[in-house]
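Student: This is protein.txt (compact mmCIF, C-alpha atoms).
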```txt
# COMPACT_ATOMS: atom_id res chain seq x y z
CA MET C 151 34.00 -13.68 15.20
CA ILE C 152 34.80 -10.02 15.83
CA MET C 153 31.97 -8.08 17.44
CA ASN C 154 31.38 -4.36 17.52
CA GLU C 155 28.42 -2.07 18.13
CA ALA C 156 27.42 -2.24 14.47
CA THR C 157 27.12 -6.05 14.50
CA PRO C 158 25.22 -7.17 17.61
CA ALA C 159 25.28 -10.84 18.52
CA VAL C 160 22.24 -12.96 17.68
CA PRO C 161 21.44 -15.39 20.49
CA ALA C 162 21.95 -19.01 19.43
CA SER C 163 18.27 -19.69 20.17
CA GLN C 164 17.17 -17.10 17.57
CA THR C 165 17.47 -17.57 13.87
CA PRO C 166 17.52 -14.29 12.00
CA PRO C 167 14.86 -13.94 9.29
CA ALA C 168 15.88 -14.87 5.78
CA ALA C 169 16.62 -12.15 3.27
CA VAL C 170 13.88 -11.54 0.71
CA LEU C 171 14.79 -10.95 -2.92
CA THR C 172 12.23 -10.44 -5.66
CA ARG C 173 13.70 -10.07 -9.12
CA HIS C 174 11.84 -7.66 -11.38
CA ALA C 175 11.45 -10.35 -14.04
CA ASP C 176 9.85 -12.72 -11.50
CA ALA C 177 7.48 -10.26 -9.80
CA GLU C 178 3.76 -10.81 -10.32
CA THR C 179 1.81 -7.82 -11.61
CA CYS C 180 -1.86 -6.95 -11.16
CA ALA C 181 -3.40 -4.37 -13.45
CA ASP C 182 -6.63 -2.45 -13.58
CA PRO C 183 -7.62 0.23 -16.08
CA SER C 184 -5.56 2.99 -14.43
CA SER C 185 -2.68 1.36 -12.55
CA VAL C 186 -0.24 -1.53 -12.45
CA MET C 187 0.81 -3.09 -9.14
CA THR C 188 4.06 -5.05 -8.95
CA LEU C 189 3.90 -7.47 -6.01
CA LEU C 190 7.28 -7.53 -4.26
CA ALA C 191 7.09 -9.17 -0.83
CA ASP C 192 4.17 -10.53 1.16
CA SER C 193 4.21 -11.47 4.82
CA ASP C 194 4.30 -15.22 4.21
CA GLY C 195 7.72 -14.82 2.58
CA THR C 196 9.01 -12.30 5.12
CA GLU C 197 8.07 -14.07 8.35
CA GLY C 198 5.37 -11.42 8.89
CA GLY C 199 7.83 -8.55 8.76
CA ILE C 200 6.60 -6.62 5.74
CA THR C 201 4.32 -6.52 2.76
CA SER C 202 5.51 -4.42 -0.17
CA TYR C 203 4.38 -3.58 -3.67
CA ARG C 204 4.99 -0.90 -6.26
CA SER C 205 2.14 0.89 -8.03
CA THR C 206 2.28 2.99 -11.14
CA PHE C 207 -0.73 5.25 -11.56
CA ALA C 208 -1.84 6.80 -14.84
CA GLU C 209 -2.74 10.48 -14.91
CA GLY C 210 -6.13 10.89 -13.20
CA ALA C 211 -5.97 7.45 -11.54
CA VAL C 212 -7.67 7.13 -8.17
CA GLY C 213 -5.76 4.75 -5.92
CA ALA C 214 -7.62 3.96 -2.73
CA PRO C 215 -10.67 5.55 -1.11
CA ALA C 216 -10.48 6.71 2.49
CA HIS C 217 -9.62 3.80 4.77
CA PHE C 218 -7.49 2.85 7.77
CA HIS C 219 -5.61 -0.18 9.07
CA THR C 220 -5.83 -1.36 12.67
CA ARG C 221 -2.60 -3.36 12.79
CA ALA C 222 -0.16 -1.96 10.22
CA THR C 223 1.70 1.23 9.50
CA GLU C 224 1.58 2.00 5.78
CA LEU C 225 4.68 3.56 4.25
CA PHE C 226 4.68 5.51 0.97
CA PHE C 227 7.76 6.44 -1.07
CA VAL C 228 7.22 8.37 -4.31
CA ILE C 229 9.68 7.12 -6.91
CA SER C 230 8.51 9.54 -9.59
CA GLY C 231 5.57 11.79 -10.38
CA ALA C 232 3.24 13.05 -7.67
CA LEU C 233 0.64 11.46 -5.39
CA GLN C 234 -2.28 13.27 -3.77
CA VAL C 235 -2.79 11.87 -0.27
CA LEU C 236 -5.35 12.25 2.50
CA VAL C 237 -3.98 11.80 6.03
CA GLY C 238 -6.62 12.29 8.71
CA GLU C 239 -8.42 15.43 7.54
CA GLU C 240 -5.54 16.93 5.55
CA VAL C 241 -4.85 16.53 1.82
CA THR C 242 -1.30 17.02 0.60
CA ILE C 243 0.79 16.28 -2.48
CA LEU C 244 3.77 13.95 -2.22
CA LYS C 245 6.39 14.50 -4.92
CA GLU C 246 9.33 12.49 -6.18
CA GLY C 247 11.53 11.45 -3.27
CA ASP C 248 8.91 12.17 -0.59
CA PHE C 249 8.24 9.60 2.14
CA LEU C 250 5.14 9.24 4.31
CA ALA C 251 4.39 6.83 7.19
CA VAL C 252 0.71 6.51 8.17
CA PRO C 253 0.21 4.86 11.59
CA PRO C 254 -2.62 2.45 12.43
CA HIS C 255 -6.13 3.89 12.88
CA THR C 256 -5.34 6.97 10.75
CA PRO C 257 -7.74 7.48 7.83
CA HIS C 258 -5.89 7.93 4.56
CA ALA C 259 -6.46 7.75 0.81
CA PHE C 260 -4.43 8.38 -2.32
CA ALA C 261 -4.63 9.11 -6.04
CA ALA C 262 -2.33 10.39 -8.75
CA ALA C 263 -1.98 14.13 -8.18
CA PRO C 264 -3.96 16.30 -10.62
CA GLY C 265 -2.27 16.31 -14.03
CA CYS C 266 0.37 13.79 -12.91
CA GLU C 267 1.29 10.16 -13.10
CA ALA C 268 2.79 8.51 -10.02
CA ASP C 269 5.15 5.63 -9.32
CA VAL C 270 4.99 4.69 -5.64
CA LEU C 271 6.55 2.04 -3.39
CA PHE C 272 4.20 0.88 -0.61
CA VAL C 273 5.33 -1.04 2.48
CA PHE C 274 3.19 -2.34 5.35
CA THR C 275 4.72 -3.22 8.68
CA PRO C 276 4.01 -5.55 10.23
CA GLY C 277 3.14 -7.38 7.06
CA MET C 278 0.13 -9.53 6.47
CA GLY C 279 -1.10 -11.57 3.53
CA ARG C 280 -2.21 -8.68 1.34
CA PHE C 281 -1.52 -9.82 -2.22
CA ASP C 282 -4.90 -11.57 -2.46
CA TYR C 283 -6.52 -8.23 -1.62
CA LEU C 284 -4.60 -6.49 -4.42
CA ARG C 285 -5.59 -9.24 -6.84
CA LEU C 286 -9.23 -8.80 -5.77
CA LEU C 287 -9.05 -5.05 -6.37
CA GLY C 288 -7.85 -5.65 -9.90
CA ARG C 289 -10.68 -8.10 -10.57
CA VAL C 290 -13.28 -5.64 -9.22
CA MET C 291 -11.86 -2.76 -11.29
CA ARG C 292 -12.00 -4.93 -14.42
CA GLY C 293 -15.60 -5.98 -13.66
CA GLU C 294 -14.62 -9.60 -12.96
CA ALA C 295 -15.66 -9.61 -9.27
CA ASP C 296 -18.42 -8.07 -7.16
CA PRO C 297 -17.38 -4.95 -5.16
CA LYS C 298 -19.17 -6.52 -2.15
CA GLU C 299 -16.20 -8.90 -1.86
CA ILE C 300 -14.02 -5.96 -0.87
CA ALA C 301 -16.33 -4.96 1.97
CA GLU C 302 -16.60 -8.59 3.09
CA SER C 303 -12.80 -8.86 3.29
CA SER C 304 -12.14 -5.84 5.55
CA GLU C 305 -11.14 -7.85 8.64
CA ARG C 306 -9.12 -10.42 6.71
CA PHE C 307 -7.01 -7.76 4.98
CA ASP C 308 -7.18 -5.05 7.70
CA ASN C 309 -8.66 -2.53 5.27
CA HIS C 310 -11.48 -0.55 6.86
CA TYR C 311 -13.21 1.99 4.61
CA VAL C 312 -14.53 5.27 6.00
CA ASP C 313 -16.42 8.23 4.59
CA SER C 314 -14.29 11.33 4.06
CA PRO C 315 -15.99 14.50 2.81
CA VAL C 316 -12.52 16.10 2.68
CA TRP C 317 -11.26 13.42 0.28
CA ARG C 318 -14.41 13.49 -1.85
CA ALA C 319 -14.05 17.26 -2.23
CA ALA C 320 -10.36 16.92 -3.16
CA LEU C 321 -11.19 14.40 -5.86
CA GLU C 322 -14.00 16.61 -7.21
CA ARG C 323 -11.60 19.56 -7.47
CA SER C 324 -9.13 17.32 -9.32
CA ALA C 325 -11.66 16.13 -11.91
```
Show me this structure written as structure tokens.

Tutor:
Amino acid sequence: MIMNEATPAVPASQTPPAAVLTRHADAETCADPSSVMTLLADSDGTEGGITSYRSTFAEGAVGAPAHFHTRATELFFVISGALQVLVGEEVTILKEGDFLAVPPHTPHAFAAAPGCEADVLFVFTPGMGRFDYLRLLGRVMRGEADPKEIAESSERFDNHYVDSPVWRAALERSA
């Protein structure tokens, strides 16, 4: 084997993680009245490396209330449209092609930007089993599950909700 700086050697005692491929036709989707989530890769299939899903938000759709994660960085990439995002105490609009990385312990929230739809790729690193949380959200939004289940699952899914007057005001201005 020829080695160079671009292809470092992997010690024989380490097996590199397997590649993860999710075909569009095989991806599970979860829907609620205002968005569709396409589940792409969860930590159990990525050896804990990532969790990723794609969400399409209808105009006026509210994504997630203010919350933070203690273990994961959440990455946002706007494929199309625009996403209104809270990061800490600041609200900004992400547009097509914009990327945002929110580190652990940083309160954040998101919704389709006023008057816009949004198509967004989300990635969490390190990953954790998060697809059950997304499925639960869909059931709650459709009235099939009790919202208390979300609060009861905060540790399991590393989703910790917080009050944000800044985010509430932003959503009121958008309505």

Student: With distances taken over only C-alpha atoms, which of C:Leu225, C:Ala295, C:Ala168, C:Ala261 is nearest to C:Ser184?

Tutor: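 Among the listed residues, the smallest separation from C:Ser184 belongs to C:Ala261.
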
Student: Skip C:Val228 itself and residues of its chain fewer than 5 positions away, then list as an MDAnalysis selection string all residues within 6 Å of it, counting all atoms listed in the file.

Tutor: chainID C and resid 246:248 270

Student: Find, counting only C-alpha atoms, the residue in C:Leu236, C:Leu321, C:Val290, C:Ala222 that gets nearest to C:Asn309.

Tutor: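 Distance minimum relative to C:Asn309 lands on C:Ala222.
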
Student: Identify, on the basis of all atoms listed in the file, every residue whose closest approach to C:Arg318 does not exceed 9 Å; exclude the query and any residue fewer than 4 positions from it along the same chain; express the result as a list of chain:residue names.

Tutor: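 Everything that qualifies: C:Pro215, C:Ala216, C:Asp313, C:Ser314, C:Glu322, C:Arg323.
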
Student: For a quick check of understanding, using all atoms listed in the file, which of C:Ala262, C:Gln164, C:His310, C:Pro253 has the smallest distance to C:Leu233?

Tutor: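 Result for the nearest residue to C:Leu233: C:Ala262.
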
Student: Grab the atom CA of C:Ala319 to atom CA of C:Gly265 distance for me, in Å with one decimal place.

Tutor: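 Separation of atom CA of C:Ala319 and atom CA of C:Gly265: 16.7 Å.
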
Student: Taking all atoms listed in the file into account, which of C:Ala268, C:Ala181, C:Val237, C:Met278 comes nearest C:Asp194?

Tutor: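 Nearest candidate to C:Asp194 out of C:Ala268, C:Ala181, C:Val237, C:Met278: C:Met278.
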